[in-house]
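Participant: Mind looking over this structure? Questions follow.
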Amino acid sequence: MPHLQPTPTWMVQPAPLVYLTGADCVDFLHRMSSANVRALQHSGAMAQTLFVNAQGKLLDWCTLIRRDDGVLCLTSPGRAAAMWAWLERFIIMDEVQRSAQLQGWSHLRLLGENAPGWLGLAAAPPPGLCVPLAQGLCFAGPPALGDHLVVLQPEGAAARPSQPGAFSPNRR
């Protein structure tokens, strides 16, 4: 019987991103979501959060990733435009802008015990931390959705792992 090698499974789709910048974006998201966004002190810190309307209806479950110049919000598929439209209604005196910097990025979910190796990582990033790759970002997906890694990468980046180390980490 041949020896079987476990290989990761992946799913690629457009990344539903809302990237907020500006002096007040952290405080604004702290007020608008269920997460303690102020606790995301450094670039790469992340949290899962819920957005609800005034009646308590769930609008979306998102991942927030702190960046040097703002906060990246990964929404549910197809929800980025609706989430931005909802958030924008509440920007009155806040210095908050939506950045187009991450338009056209892909969202890759990588499943399998060898997934970190396929990304060139020794291990999966710890919960609550997003690590930079040479072309994109990587973090462990929410446990409620099963063990997997999430990779966010620009269009044109290697969208699918073809061999171990196909994605190389950013070694800055």
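Labeling convention for the structure tokens: chains A, B, ... as they appear, residues from 1 per chain, ligands from 1 in order of appearance.
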Need to verify the contact set: Val52 (chain A), 9 Å, only C-alpha atoms, exclusion of same-chain residues closer than 3 positions in sequence. Can you return it as a ChimeraX atom specification?
Facilitator: /A:32-34,55-60
Participant: Could you save the residues just selected, with N, CA and C atoms, as a CSV table (one decimal), in the first residue's frame?
Facilitator:
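Below you can see result37.csv, which holds the result:
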```
chain,number,residue,atom,x,y,z
A,32,MET,N,-18.6,50.7,17.8
A,32,MET,CA,-19.5,50.2,16.8
A,32,MET,C,-19.6,48.6,16.9
A,33,SER,N,-18.6,48.0,17.5
A,33,SER,CA,-18.5,46.5,17.5
A,33,SER,C,-18.5,46.0,18.9
A,34,SER,N,-18.6,44.6,19.0
A,34,SER,CA,-18.6,44.0,20.3
A,34,SER,C,-17.1,43.8,20.8
A,55,GLN,N,-31.5,47.5,17.1
A,55,GLN,CA,-32.4,46.5,17.6
A,55,GLN,C,-31.8,45.2,18.1
A,56,GLY,N,-30.4,45.1,18.0
A,56,GLY,CA,-29.7,44.0,18.4
A,56,GLY,C,-29.6,42.9,17.3
A,57,LYS,N,-30.0,43.2,16.1
A,57,LYS,CA,-30.0,42.2,15.0
A,57,LYS,C,-28.5,42.1,14.5
A,58,LEU,N,-28.1,40.9,14.4
A,58,LEU,CA,-26.7,40.7,13.9
A,58,LEU,C,-26.5,41.1,12.5
A,59,LEU,N,-25.6,42.0,12.2
A,59,LEU,CA,-25.3,42.4,10.9
A,59,LEU,C,-24.2,41.6,10.3
A,60,ASP,N,-23.1,41.3,11.0
A,60,ASP,CA,-22.0,40.5,10.5
A,60,ASP,C,-21.1,40.1,11.7
```
Participant: Please, which residues in region 17-119 of chain A fall within 7 Å of region 137-151 of chain A when counting only C-alpha atoms, and what is the closest atom pair and distance in Å to one decimal for each, ordered by chain then residue number, as JSON lines?
Facilitator:
```
{"residue": "A:His107", "atom": "CA", "partner": "A:Val151", "partner_atom": "CA", "distance": 6.0}
{"residue": "A:Leu108", "atom": "CA", "partner": "A:Val151", "partner_atom": "CA", "distance": 5.0}
{"residue": "A:Arg109", "atom": "CA", "partner": "A:Val150", "partner_atom": "CA", "distance": 4.7}
{"residue": "A:Leu110", "atom": "CA", "partner": "A:Leu149", "partner_atom": "CA", "distance": 5.1}
{"residue": "A:Leu111", "atom": "CA", "partner": "A:His148", "partner_atom": "CA", "distance": 4.6}
{"residue": "A:Gly112", "atom": "CA", "partner": "A:His148", "partner_atom": "CA", "distance": 6.9}
```
Participant: Need the shell around region 71-78 of chain A: protein/DNA/RNA residues with any atom at most 6 Å away, counting only C-alpha atoms. Skip same-chain ones fewer than 5 positions apart. Format as a PyMOL selection string?
Facilitator: chain A and resi 16-20+62-66
Participant: For the interface of region 1-45 of chain A with region 85-102 of chain A (cut-off 6 Å, counting only C-alpha atoms), please tabulate each contacting residue of region 1-45 of chain A alongside its nearest pair of atoms and their separation in Å to one decimal, rows sorted by chain and increasing number, as CSV.
Facilitator:
```
residue,atom,partner,partner_atom,distance
A:Tyr19,CA,A:Ser99,CA,5.4
A:Leu20,CA,A:Arg98,CA,4.7
A:Thr21,CA,A:Gln97,CA,5.3
A:Gly22,CA,A:Val96,CA,4.6
A:Ala23,CA,A:Glu95,CA,5.7
A:Asp24,CA,A:Glu95,CA,5.1
A:Cys25,CA,A:Val96,CA,5.2
```
Participant: Could you save those same residues with N, CA and C atoms as an mmCIF file, in the first residue's frame?
Facilitator:
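Saved the output as out.cif:
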```cif
data_model
loop_
_atom_site.group_PDB
_atom_site.id
_atom_site.type_symbol
_atom_site.label_atom_id
_atom_site.label_comp_id
_atom_site.auth_asym_id
_atom_site.auth_seq_id
_atom_site.Cartn_x
_atom_site.Cartn_y
_atom_site.Cartn_z
ATOM 1 N N TYR A 19 -11.144 48.428 4.944
ATOM 2 C CA TYR A 19 -9.931 48.898 5.607
ATOM 3 C C TYR A 19 -10.154 50.334 6.054
ATOM 4 N N LEU A 20 -10.239 50.524 7.364
ATOM 5 C CA LEU A 20 -10.494 51.847 7.928
ATOM 6 C C LEU A 20 -9.192 52.468 8.425
ATOM 7 N N THR A 21 -9.006 53.734 8.087
ATOM 8 C CA THR A 21 -7.839 54.487 8.532
ATOM 9 C C THR A 21 -8.325 55.797 9.143
ATOM 10 N N GLY A 22 -7.403 56.557 9.673
ATOM 11 C CA GLY A 22 -7.743 57.843 10.277
ATOM 12 C C GLY A 22 -7.495 57.821 11.770
ATOM 13 N N ALA A 23 -7.332 58.990 12.339
ATOM 14 C CA ALA A 23 -6.987 59.138 13.754
ATOM 15 C C ALA A 23 -8.015 58.516 14.690
ATOM 16 N N ASP A 24 -9.279 58.435 14.281
ATOM 17 C CA ASP A 24 -10.337 57.938 15.169
ATOM 18 C C ASP A 24 -10.831 56.536 14.828
ATOM 19 N N CYS A 25 -10.185 55.834 13.883
ATOM 20 C CA CYS A 25 -10.754 54.558 13.436
ATOM 21 C C CYS A 25 -10.806 53.509 14.549
#
```
Participant: How many Å lie between CA of Leu121 (chain A) and CA of Ser106 (chain A), rounded to one decimal?
Facilitator: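 CA of Ser106 (chain A) lies 19.6 Å from CA of Leu121 (chain A).
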Participant: Can you pull out every residue from region 53-163 of chain A that DSSP, working from the backbone, puts in strand (DSSP E or B), and format the result as JSON, numbers by chain?
Facilitator: {"A": [58, 59, 60, 61, 62, 63, 64, 65, 66, 67, 70, 71, 72, 73, 74, 97, 98, 99, 105, 106, 107, 108, 109, 110, 111, 129, 131, 132, 133, 136, 137, 138, 139, 140, 149, 150, 151, 152, 153, 154]}
Participant: Contacts of Trp105 (chain A) at 7 Å or less, counting only C-alpha atoms, minus same-chain residues fewer than 4 places along, as a compact mmCIF listing (two decimals) with N, CA and C atoms, in the first residue's frame?
Facilitator:
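This went into around-v2.txt:
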```txt
# COMPACT_ATOMS: atom_id res chain seq x y z
N PRO A 14 -12.75 36.09 -3.49
CA PRO A 14 -12.39 37.49 -3.26
C PRO A 14 -12.47 37.82 -1.77
N ALA A 15 -11.53 38.61 -1.30
CA ALA A 15 -11.51 38.97 0.12
C ALA A 15 -12.48 40.11 0.38
N LEU A 152 -4.67 36.28 3.43
CA LEU A 152 -5.15 37.41 2.63
C LEU A 152 -3.99 37.84 1.76
N GLN A 153 -4.23 37.94 0.44
CA GLN A 153 -3.13 38.26 -0.47
C GLN A 153 -3.63 39.09 -1.64
N PRO A 154 -2.75 39.91 -2.21
CA PRO A 154 -3.15 40.73 -3.35
C PRO A 154 -3.38 39.88 -4.60
N GLU A 155 -4.21 40.41 -5.50
CA GLU A 155 -4.41 39.76 -6.79
C GLU A 155 -3.06 39.54 -7.44
```
Participant: Could you tell me how far CA of Phe51 (chain A) sits from CA of Val12 (chain A), in Å to one decimal place?
Facilitator: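 Between these atoms lies a distance of 24.7 Å.
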Participant: Nearest residue to Leu50 (chain A) out of A:Arg38, A:Leu119, A:Met83, A:Asp69, using only C-alpha atoms?
Facilitator: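 Of A:Arg38, A:Leu119, A:Met83, A:Asp69, the one nearest Leu50 (chain A), counting only C-alpha atoms, is A:Met83.
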Participant: Using only C-alpha atoms, find the one residue out of A:Gly156, A:Gly117, A:Pro125, A:Gly70 that sits nearest to Leu40 (chain A).
Facilitator: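 For Leu40 (chain A), the nearest of the given residues is A:Gly70.
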Participant: Name the residues of region 18-144 of chain A that come out as helix (DSSP H, G or I) in a backbone DSSP run; write them as number ranges by chain.
Facilitator: A: 25-32, 37-39, 80-88, 115-118, 143-144
